[in-house]
Amino acid sequence: MARLVALVAVLLLALAAPASAHEADAHTPPDRVGDLRSALIQSSQELPSGVQFQVLQNGEALWLRNSTRTDVVVLDPDGAQRYQIGPDGAAVNAALPAEPTPSGDISEDPEKPTGDAAKAPRWQRISADPAVQWHDHYAHWGDATLPSQVVSDPGHEHLIRAWQVDLVSDGRTYQVRGELRWIPGPSPAPWILVTASLAIAASLLGLVRRSQRPLAVATAVLVLAAATHGIATILGRQAENQWTVLSHEYLPVVLAWLVGAAAVALLAADRSTGRWFAALAAVGLGALAFLQDLPEWWSSTSIVALPVELDRALVSITAGVAVGVVITVLRTPNITRSDAVTATQGDDPARVDGVSPQGR
């Protein structure tokens with residue numbers, strides 16, 4: 001038991017890093033999973049064929065790709081030429097001052113930049129890929145304090161502000177328009193009920209004393225649900241380098257997945273050590289679900305590459321099964337292969353002391 005406690009402590013400390021990486025700071029409110037959403041609504045005209053424009057991570061970044069043979073120029077709100085994207089790749093106007101850092105975007109009504117729109121651009125190539133990604137302070141809520149209208153009435157949808165990005169291609173100007181909105185999330189009650197039901201069901205596995213296979217199945221479900229949610233979360237963070245996200249935040253989580261996979265293999269082979277591996281994985285993955293992922297239940301949107309309802313179900317499965325697995329391991333004795341064989345023999349009155357009756 002002491003070894004298990006030590007291993008749990010180590011895993012929880014390792015998992016604290018990815019959990020704290022999602023905490024709000026002065027610039028980043030809890031919008032990776034939240035109710036503030038920025039989205040496109042329309043363009044003044046249809047964009048040229050081959051030009052793609054997207055809003056990433058609820059407004060964390062805007063992204064444009066130009067696959068045509070004609071340059072597209074992105075304008076600042078004051079009309080200055082900021083980016084040029086075309087056959088030669090992406091370039092930034094080095095004649096303009098650098099954009100304000102995101103940490104300065106904490107205003108409810110940000111002021112427009114004062115760059116010199118008439119100044120001739122001095123293009124500096126930043127990528128051979130004809131795509132550019134940038135942070136727009138109008139498309140993203142950057143204050144850790146919620147908007148005033150939300151504070152006074154959080155239960156209703158609010159338009160925080162409309163935003164617009166002007167693009168110029170072949171002498172023609174296109175307006176891409178979007179809105180930053182507060183959209184209240186659902187009640188978490190159904191997901192709490194699902195989680196509690198799964199916890200009770202998984203804890204009943206302790207009543208099955210002849211085999212560790214049911215515990216192996218429960219652990220496999222736990223690992224599969226947690227891994228699917230984790231991978232979908234990494235893939236959903238399109239405004240960031242996903243390999244960096246994996247290496248900086250998710251390596252301890254991957255370790256917990258591997259511990260769970262090892263537990264499944266050991267339990268399937270009726271090895272008693274598999275139980276403690278299962279408990280360790282359940283404590284780690286369950287703690288991560290309860291400490292970090294529960295806002296999925298009551299938030300209107302989430303940064304994940306899955307339908308939000310499916311992702312909420314995965315979080316509930318992880319949290320509920322993790323609790324049940326821990327209870328099962330702590331309240332039942334070890335089951336080994338020899339125990340299972342002995343129990344099977346005990347059920348067969350014709351099999352005594354390992355000797356079968358003759359003539360069968």
# chains A, B, ... in the order shown; residues from 1 in each chain; ligands from 1
>>> residues_around(residues="Arg213 in chain A", least_positions_apart="5", cutoff="8 Å", atoms="only C-alpha atoms", output="list of chain:residue names")
A:Leu267, A:Ala268, A:Asp270
>>> residues_around(residues="Asp71 in chain A", least_positions_apart="4", cutoff="9 Å", atoms="only C-alpha atoms", output="MDAnalysis selection string")
chainID A and resid 66 84:88 168:170
>>> closest_residue(among="A:Gly320, A:Gly274, A:Gly236, A:Gly34", to="Trp182 in chain A", atoms="only C-alpha atoms")
A:Gly34
>>> select_by_dssp(residues="range 87-243 of chain A", states="helix (DSSP H, G or I)", output="PyMOL selection string")
chain A and resi 102-104+148-152+189-207+213-236+242-243
>>> atom_distance(atom1="CA of Leu75 in chain A", atom2="CA of Leu167 in chain A")
6.1 Å
>>> atom_distance(atom1="CA of Val304 in chain A", atom2="CA of Ala261 in chain A")
23.4 Å
>>> closest_residue(among="A:Ala61, A:Ala227, A:Val151, A:Ala282", to="Thr328 in chain A", atoms="only C-alpha atoms")
A:Ala282
>>> atom_distance(atom1="CA of Trp134 in chain A", atom2="CA of Gly79 in chain A")
16.3 Å
>>> residues_around(residues="His156 in chain A", least_positions_apart="2", cutoff="12 Å", atoms="only C-alpha atoms", output="ChimeraX atom specification")
/A:35,149-154,158-159,181-186,300
>>> write_last_selection(atoms="C-alpha atoms", output="mmCIF file, in the first residue's frame")
data_model
loop_
_atom_site.group_PDB
_atom_site.id
_atom_site.type_symbol
_atom_site.label_atom_id
_atom_site.label_comp_id
_atom_site.auth_asym_id
_atom_site.auth_seq_id
_atom_site.Cartn_x
_atom_site.Cartn_y
_atom_site.Cartn_z
ATOM 1 C CA ASP A 35 -18.909 30.389 -23.053
ATOM 2 C CA GLN A 149 -23.171 42.634 -19.582
ATOM 3 C CA VAL A 150 -22.304 38.999 -18.840
ATOM 4 C CA VAL A 151 -21.614 39.730 -15.176
ATOM 5 C CA SER A 152 -25.048 41.317 -14.821
ATOM 6 C CA ASP A 153 -26.916 38.643 -16.806
ATOM 7 C CA PRO A 154 -24.896 35.455 -17.389
ATOM 8 C CA HIS A 158 -24.969 38.493 -25.434
ATOM 9 C CA LEU A 159 -23.235 40.068 -28.417
ATOM 10 C CA ARG A 181 -20.629 36.305 -28.277
ATOM 11 C CA TRP A 182 -21.369 34.991 -24.820
ATOM 12 C CA ILE A 183 -23.400 31.790 -25.152
ATOM 13 C CA PRO A 184 -24.506 30.195 -21.853
ATOM 14 C CA GLY A 185 -23.787 26.518 -21.488
ATOM 15 C CA PRO A 186 -26.100 23.639 -20.494
ATOM 16 C CA SER A 300 -21.315 25.994 -24.358
#
>>> residues_around(residues="Ala201 in chain A", least_positions_apart="3", cutoff="12 Å", atoms="only C-alpha atoms", output="tab-separated table (two decimals) with all heavy atoms, in the first residue's frame")
chain	number	residue	atom	x	y	z
A	194	VAL	N	-24.77	10.61	-15.01
A	194	VAL	CA	-24.06	9.57	-15.77
A	194	VAL	C	-22.78	9.15	-15.05
A	194	VAL	O	-22.47	7.96	-14.92
A	194	VAL	CB	-23.74	10.09	-17.19
A	194	VAL	CG1	-22.78	9.14	-17.91
A	194	VAL	CG2	-25.03	10.25	-18.01
A	195	THR	N	-22.03	10.14	-14.56
A	195	THR	CA	-20.77	9.85	-13.87
A	195	THR	C	-21.01	9.03	-12.61
A	195	THR	O	-20.30	8.05	-12.34
A	195	THR	CB	-20.05	11.16	-13.53
A	195	THR	OG1	-19.81	11.90	-14.73
A	195	THR	CG2	-18.73	10.89	-12.83
A	196	ALA	N	-22.00	9.42	-11.81
A	196	ALA	CA	-22.30	8.68	-10.59
A	196	ALA	C	-22.74	7.25	-10.90
A	196	ALA	O	-22.33	6.30	-10.20
A	196	ALA	CB	-23.39	9.41	-9.80
A	197	SER	N	-23.54	7.07	-11.94
A	197	SER	CA	-23.99	5.73	-12.32
A	197	SER	C	-22.82	4.85	-12.74
A	197	SER	O	-22.74	3.67	-12.36
A	197	SER	CB	-25.01	5.83	-13.44
A	197	SER	OG	-26.15	6.58	-13.05
A	198	LEU	N	-21.92	5.41	-13.52
A	198	LEU	CA	-20.75	4.64	-13.95
A	198	LEU	C	-19.85	4.30	-12.78
A	198	LEU	O	-19.27	3.20	-12.72
A	198	LEU	CB	-19.97	5.44	-15.01
A	198	LEU	CG	-20.63	5.56	-16.38
A	198	LEU	CD1	-19.87	6.54	-17.25
A	198	LEU	CD2	-20.70	4.20	-17.06
A	204	LEU	N	-19.02	-2.15	-8.50
A	204	LEU	CA	-19.63	-3.46	-8.28
A	204	LEU	C	-18.78	-4.59	-8.84
A	204	LEU	O	-19.08	-5.77	-8.62
A	204	LEU	CB	-21.02	-3.51	-8.90
A	204	LEU	CG	-22.07	-2.60	-8.25
A	204	LEU	CD1	-23.39	-2.69	-9.00
A	204	LEU	CD2	-22.25	-2.93	-6.78
A	205	LEU	N	-17.72	-4.24	-9.58
A	205	LEU	CA	-16.84	-5.28	-10.11
A	205	LEU	C	-16.18	-6.07	-8.99
A	205	LEU	O	-15.73	-7.20	-9.19
A	205	LEU	CB	-15.76	-4.65	-11.00
A	205	LEU	CG	-16.25	-4.00	-12.30
A	205	LEU	CD1	-15.09	-3.32	-13.00
A	205	LEU	CD2	-16.89	-5.03	-13.20
A	206	GLY	N	-16.13	-5.47	-7.79
A	206	GLY	CA	-15.54	-6.18	-6.65
A	206	GLY	C	-16.32	-7.42	-6.26
A	206	GLY	O	-15.81	-8.29	-5.55
A	207	LEU	N	-17.57	-7.51	-6.71
A	207	LEU	CA	-18.38	-8.69	-6.39
A	207	LEU	C	-17.98	-9.90	-7.24
A	207	LEU	O	-18.34	-11.03	-6.92
A	207	LEU	CB	-19.87	-8.38	-6.61
A	207	LEU	CG	-20.44	-7.23	-5.76
A	207	LEU	CD1	-21.89	-6.99	-6.13
A	207	LEU	CD2	-20.29	-7.55	-4.28
A	214	PRO	N	-13.13	-8.67	-15.61
A	214	PRO	CA	-14.03	-7.51	-15.58
A	214	PRO	C	-13.29	-6.21	-15.22
A	214	PRO	O	-13.57	-5.16	-15.79
A	214	PRO	CB	-15.06	-7.87	-14.52
A	214	PRO	CG	-15.08	-9.36	-14.52
A	214	PRO	CD	-13.66	-9.77	-14.76
A	215	LEU	N	-12.35	-6.29	-14.27
A	215	LEU	CA	-11.56	-5.12	-13.93
A	215	LEU	C	-10.69	-4.69	-15.10
A	215	LEU	O	-10.48	-3.50	-15.34
A	215	LEU	CB	-10.70	-5.40	-12.70
A	215	LEU	CG	-9.85	-4.24	-12.17
A	215	LEU	CD1	-10.72	-3.05	-11.81
A	215	LEU	CD2	-9.03	-4.69	-10.96
A	218	ALA	N	-12.93	-2.77	-17.48
A	218	ALA	CA	-13.22	-1.43	-16.97
A	218	ALA	C	-12.01	-0.51	-17.14
A	218	ALA	O	-12.15	0.66	-17.52
A	218	ALA	CB	-13.61	-1.50	-15.50
A	317	ILE	N	-17.31	9.34	-18.63
A	317	ILE	CA	-16.83	7.96	-18.56
A	317	ILE	C	-15.52	7.90	-17.80
A	317	ILE	O	-15.32	7.04	-16.92
A	317	ILE	CB	-16.67	7.38	-19.98
A	317	ILE	CG1	-18.04	7.21	-20.64
A	317	ILE	CG2	-15.94	6.05	-19.94
A	317	ILE	CD1	-17.97	6.86	-22.11
A	320	GLY	N	-16.21	8.74	-13.96
A	320	GLY	CA	-16.99	7.72	-13.27
A	320	GLY	C	-16.27	6.39	-13.14
A	320	GLY	O	-16.21	5.80	-12.05
A	321	VAL	N	-15.71	5.91	-14.24
A	321	VAL	CA	-15.03	4.61	-14.21
A	321	VAL	C	-13.79	4.68	-13.34
A	321	VAL	O	-13.45	3.72	-12.64
A	321	VAL	CB	-14.69	4.15	-15.64
A	321	VAL	CG1	-13.87	2.86	-15.62
A	321	VAL	CG2	-15.97	3.96	-16.46
A	322	ALA	N	-13.10	5.82	-13.33
A	322	ALA	CA	-11.90	5.96	-12.49
A	322	ALA	C	-12.26	5.78	-11.02
A	322	ALA	O	-11.57	5.06	-10.29
A	322	ALA	CB	-11.26	7.33	-12.73
A	323	VAL	N	-13.34	6.41	-10.59
A	323	VAL	CA	-13.76	6.26	-9.19
A	323	VAL	C	-14.12	4.79	-8.89
A	323	VAL	O	-13.71	4.23	-7.87
A	323	VAL	CB	-14.96	7.18	-8.90
A	323	VAL	CG1	-15.55	6.87	-7.52
A	323	VAL	CG2	-14.55	8.64	-8.97
A	324	GLY	N	-14.85	4.17	-9.80
A	324	GLY	CA	-15.24	2.78	-9.58
A	324	GLY	C	-14.07	1.82	-9.53
A	324	GLY	O	-14.05	0.89	-8.72
A	325	VAL	N	-13.07	2.03	-10.38
A	325	VAL	CA	-11.90	1.17	-10.39
A	325	VAL	C	-11.13	1.29	-9.08
A	325	VAL	O	-10.69	0.28	-8.50
A	325	VAL	CB	-11.00	1.52	-11.60
A	325	VAL	CG1	-9.62	0.86	-11.45
A	325	VAL	CG2	-11.65	1.06	-12.90
A	327	ILE	N	-12.30	2.14	-6.13
A	327	ILE	CA	-13.09	1.48	-5.08
A	327	ILE	C	-12.96	-0.04	-5.19
A	327	ILE	O	-12.79	-0.75	-4.18
A	327	ILE	CB	-14.57	1.90	-5.18
A	327	ILE	CG1	-14.71	3.39	-4.83
A	327	ILE	CG2	-15.44	1.05	-4.26
A	327	ILE	CD1	-16.10	3.93	-5.04
A	328	THR	N	-13.03	-0.56	-6.41
A	328	THR	CA	-12.92	-2.01	-6.61
A	328	THR	C	-11.59	-2.54	-6.11
A	328	THR	O	-11.53	-3.57	-5.42
A	328	THR	CB	-13.09	-2.34	-8.10
A	328	THR	OG1	-14.42	-2.02	-8.50
A	328	THR	CG2	-12.83	-3.81	-8.37
>>> select_by_dssp(residues="range 165-279 of chain A", states="strand (DSSP E or B)", output="JSON, numbers by chain")
{"A": [165, 166, 167, 168, 169, 172, 173, 174, 175, 176, 177, 178, 179, 180, 181, 182]}
>>> residues_around(residues="Tyr174 in chain A", least_positions_apart="2", cutoff="12 Å", atoms="only C-alpha atoms", output="number ranges by chain")
A: 42-48, 51, 53, 72-75, 164-172, 176-177
>>> write_last_selection(atoms="N, CA, C and O atoms", output="mmCIF file, in the first residue's frame")
data_model
loop_
_atom_site.group_PDB
_atom_site.id
_atom_site.type_symbol
_atom_site.label_atom_id
_atom_site.label_comp_id
_atom_site.auth_asym_id
_atom_site.auth_seq_id
_atom_site.Cartn_x
_atom_site.Cartn_y
_atom_site.Cartn_z
ATOM 1 N N GLN A 42 -20.375 36.333 -41.906
ATOM 2 C CA GLN A 42 -20.537 36.504 -43.341
ATOM 3 C C GLN A 42 -19.371 37.317 -43.885
ATOM 4 O O GLN A 42 -18.583 37.881 -43.132
ATOM 5 N N SER A 43 -19.270 37.366 -45.198
ATOM 6 C CA SER A 43 -18.333 38.242 -45.885
ATOM 7 C C SER A 43 -19.143 39.175 -46.766
ATOM 8 O O SER A 43 -20.268 38.866 -47.183
ATOM 9 N N SER A 44 -18.582 40.356 -47.049
ATOM 10 C CA SER A 44 -19.291 41.300 -47.895
ATOM 11 C C SER A 44 -19.486 40.735 -49.294
ATOM 12 O O SER A 44 -20.486 40.984 -49.960
ATOM 13 N N GLN A 45 -18.505 39.967 -49.756
ATOM 14 C CA GLN A 45 -18.618 39.245 -51.022
ATOM 15 C C GLN A 45 -18.015 37.867 -50.814
ATOM 16 O O GLN A 45 -17.304 37.616 -49.850
ATOM 17 N N GLU A 46 -18.324 36.974 -51.708
ATOM 18 C CA GLU A 46 -17.704 35.643 -51.658
ATOM 19 C C GLU A 46 -16.206 35.804 -51.872
ATOM 20 O O GLU A 46 -15.764 36.490 -52.791
ATOM 21 N N LEU A 47 -15.422 35.193 -50.992
ATOM 22 C CA LEU A 47 -13.969 35.281 -51.148
ATOM 23 C C LEU A 47 -13.545 34.569 -52.430
ATOM 24 O O LEU A 47 -14.209 33.628 -52.884
ATOM 25 N N PRO A 48 -12.430 35.001 -53.020
ATOM 26 C CA PRO A 48 -11.959 34.338 -54.248
ATOM 27 C C PRO A 48 -11.760 32.845 -54.025
ATOM 28 O O PRO A 48 -11.354 32.404 -52.947
ATOM 29 N N VAL A 51 -9.103 30.971 -51.544
ATOM 30 C CA VAL A 51 -8.775 31.730 -50.335
ATOM 31 C C VAL A 51 -9.631 31.198 -49.192
ATOM 32 O O VAL A 51 -10.865 31.189 -49.272
ATOM 33 N N PHE A 53 -10.464 31.282 -44.985
ATOM 34 C CA PHE A 53 -10.361 32.106 -43.766
ATOM 35 C C PHE A 53 -11.048 31.350 -42.636
ATOM 36 O O PHE A 53 -12.180 30.896 -42.780
ATOM 37 N N VAL A 72 -2.929 38.183 -51.679
ATOM 38 C CA VAL A 72 -3.972 38.705 -50.801
ATOM 39 C C VAL A 72 -3.290 39.474 -49.683
ATOM 40 O O VAL A 72 -2.348 38.963 -49.062
ATOM 41 N N VAL A 73 -3.749 40.691 -49.432
ATOM 42 C CA VAL A 73 -3.174 41.535 -48.390
ATOM 43 C C VAL A 73 -4.182 41.674 -47.262
ATOM 44 O O VAL A 73 -5.357 41.988 -47.498
ATOM 45 N N VAL A 74 -3.720 41.451 -46.026
ATOM 46 C CA VAL A 74 -4.551 41.618 -44.832
ATOM 47 C C VAL A 74 -4.298 43.008 -44.277
ATOM 48 O O VAL A 74 -3.139 43.386 -44.036
ATOM 49 N N LEU A 75 -5.370 43.769 -44.063
ATOM 50 C CA LEU A 75 -5.251 45.137 -43.559
ATOM 51 C C LEU A 75 -5.486 45.181 -42.051
ATOM 52 O O LEU A 75 -6.326 44.449 -41.512
ATOM 53 N N GLN A 164 -14.297 42.857 -37.801
ATOM 54 C CA GLN A 164 -14.163 42.793 -39.260
ATOM 55 C C GLN A 164 -12.695 42.802 -39.642
ATOM 56 O O GLN A 164 -11.888 43.490 -39.029
ATOM 57 N N VAL A 165 -12.360 42.012 -40.641
ATOM 58 C CA VAL A 165 -11.022 42.000 -41.216
ATOM 59 C C VAL A 165 -11.146 42.304 -42.704
ATOM 60 O O VAL A 165 -11.926 41.642 -43.405
ATOM 61 N N ASP A 166 -10.396 43.298 -43.167
ATOM 62 C CA ASP A 166 -10.418 43.670 -44.585
ATOM 63 C C ASP A 166 -9.275 42.988 -45.324
ATOM 64 O O ASP A 166 -8.130 42.971 -44.850
ATOM 65 N N LEU A 167 -9.616 42.415 -46.482
ATOM 66 C CA LEU A 167 -8.642 41.758 -47.342
ATOM 67 C C LEU A 167 -8.670 42.440 -48.702
ATOM 68 O O LEU A 167 -9.751 42.823 -49.183
ATOM 69 N N VAL A 168 -7.516 42.572 -49.324
ATOM 70 C CA VAL A 168 -7.420 43.166 -50.654
ATOM 71 C C VAL A 168 -6.777 42.156 -51.590
ATOM 72 O O VAL A 168 -5.703 41.599 -51.288
ATOM 73 N N SER A 169 -7.439 41.889 -52.711
ATOM 74 C CA SER A 169 -6.918 40.967 -53.718
ATOM 75 C C SER A 169 -7.260 41.503 -55.101
ATOM 76 O O SER A 169 -8.449 41.766 -55.384
ATOM 77 N N ASP A 170 -6.240 41.681 -55.915
ATOM 78 C CA ASP A 170 -6.423 42.131 -57.304
ATOM 79 C C ASP A 170 -7.220 43.434 -57.364
ATOM 80 O O ASP A 170 -8.117 43.596 -58.183
ATOM 81 N N GLY A 171 -6.892 44.355 -56.441
ATOM 82 C CA GLY A 171 -7.532 45.660 -56.428
ATOM 83 C C GLY A 171 -8.914 45.692 -55.828
ATOM 84 O O GLY A 171 -9.552 46.751 -55.772
ATOM 85 N N ARG A 172 -9.403 44.585 -55.324
ATOM 86 C CA ARG A 172 -10.750 44.522 -54.765
ATOM 87 C C ARG A 172 -10.660 44.243 -53.257
ATOM 88 O O ARG A 172 -9.827 43.456 -52.806
ATOM 89 N N VAL A 176 -14.337 40.458 -44.202
ATOM 90 C CA VAL A 176 -14.700 39.230 -43.472
ATOM 91 C C VAL A 176 -15.209 39.667 -42.110
ATOM 92 O O VAL A 176 -14.502 40.345 -41.370
ATOM 93 N N ARG A 177 -16.426 39.273 -41.777
ATOM 94 C CA ARG A 177 -17.065 39.756 -40.559
ATOM 95 C C ARG A 177 -17.328 38.614 -39.590
ATOM 96 O O ARG A 177 -17.612 37.490 -39.995
#
>>> closest_residue(among="A:Ala91, A:Ala289, A:Ile41, A:Leu251", to="Ala225 in chain A", atoms="only C-alpha atoms")
A:Ala289
>>> residues_around(residues="Pro121 in chain A", least_positions_apart="2", cutoff="9 Å", atoms="only C-alpha atoms", output="list of chain:residue names")
A:Ala80, A:Gln81, A:Arg82, A:Val92, A:Asn93, A:Ala94, A:Ala95, A:Leu96, A:Ala118, A:Lys119, A:Trp123
>>> closest_residue(among="A:Ser302, A:Ser211, A:Thr228, A:Thr332", to="Trp276 in chain A", atoms="only C-alpha atoms")
A:Thr332
>>> residues_around(residues="Leu64 in chain A", least_positions_apart="6", cutoff="7 Å", atoms="only C-alpha atoms", output="JSON, numbers by chain")
{"A": [52, 53, 54, 131, 132, 133]}
>>> write_last_selection(atoms="all heavy atoms", output="short mmCIF file (atom, residue, chain, number, x, y, z; two decimals), in the first residue's frame")
data_model
loop_
_atom_site.label_atom_id
_atom_site.label_comp_id
_atom_site.auth_asym_id
_atom_site.auth_seq_id
_atom_site.Cartn_x
_atom_site.Cartn_y
_atom_site.Cartn_z
N GLN A 52 -8.98 30.73 -48.14
CA GLN A 52 -9.68 30.17 -46.98
C GLN A 52 -9.42 31.06 -45.77
O GLN A 52 -8.28 31.50 -45.53
CB GLN A 52 -9.19 28.76 -46.68
CG GLN A 52 -9.39 27.77 -47.80
CD GLN A 52 -8.67 26.46 -47.51
OE1 GLN A 52 -7.48 26.32 -47.77
NE2 GLN A 52 -9.41 25.50 -46.97
N PHE A 53 -10.46 31.28 -44.98
CA PHE A 53 -10.36 32.11 -43.77
C PHE A 53 -11.05 31.35 -42.64
O PHE A 53 -12.18 30.90 -42.78
CB PHE A 53 -11.04 33.46 -43.98
CG PHE A 53 -10.74 34.48 -42.92
CD1 PHE A 53 -9.82 35.49 -43.13
CD2 PHE A 53 -11.38 34.43 -41.68
CE1 PHE A 53 -9.54 36.43 -42.15
CE2 PHE A 53 -11.10 35.35 -40.69
CZ PHE A 53 -10.18 36.35 -40.93
N GLN A 54 -10.35 31.21 -41.49
CA GLN A 54 -10.91 30.47 -40.37
C GLN A 54 -10.65 31.20 -39.06
O GLN A 54 -9.67 31.93 -38.92
CB GLN A 54 -10.30 29.06 -40.28
CG GLN A 54 -10.65 28.13 -41.42
CD GLN A 54 -10.03 26.75 -41.22
OE1 GLN A 54 -9.60 26.39 -40.12
NE2 GLN A 54 -10.01 25.97 -42.28
N ALA A 131 0.25 30.87 -46.14
CA ALA A 131 -0.74 30.92 -45.07
C ALA A 131 -0.17 31.75 -43.94
O ALA A 131 1.05 31.81 -43.73
CB ALA A 131 -1.09 29.52 -44.57
N VAL A 132 -1.06 32.41 -43.20
CA VAL A 132 -0.63 33.23 -42.07
C VAL A 132 -1.66 33.08 -40.95
O VAL A 132 -2.85 32.90 -41.20
CB VAL A 132 -0.47 34.72 -42.49
CG1 VAL A 132 -1.82 35.34 -42.84
CG2 VAL A 132 0.22 35.52 -41.39
N GLN A 133 -1.17 33.15 -39.73
CA GLN A 133 -2.02 33.07 -38.55
C GLN A 133 -1.66 34.22 -37.64
O GLN A 133 -0.48 34.51 -37.42
CB GLN A 133 -1.78 31.73 -37.84
CG GLN A 133 -2.54 31.56 -36.53
CD GLN A 133 -2.25 30.23 -35.88
OE1 GLN A 133 -2.40 29.18 -36.49
NE2 GLN A 133 -1.83 30.26 -34.62
#
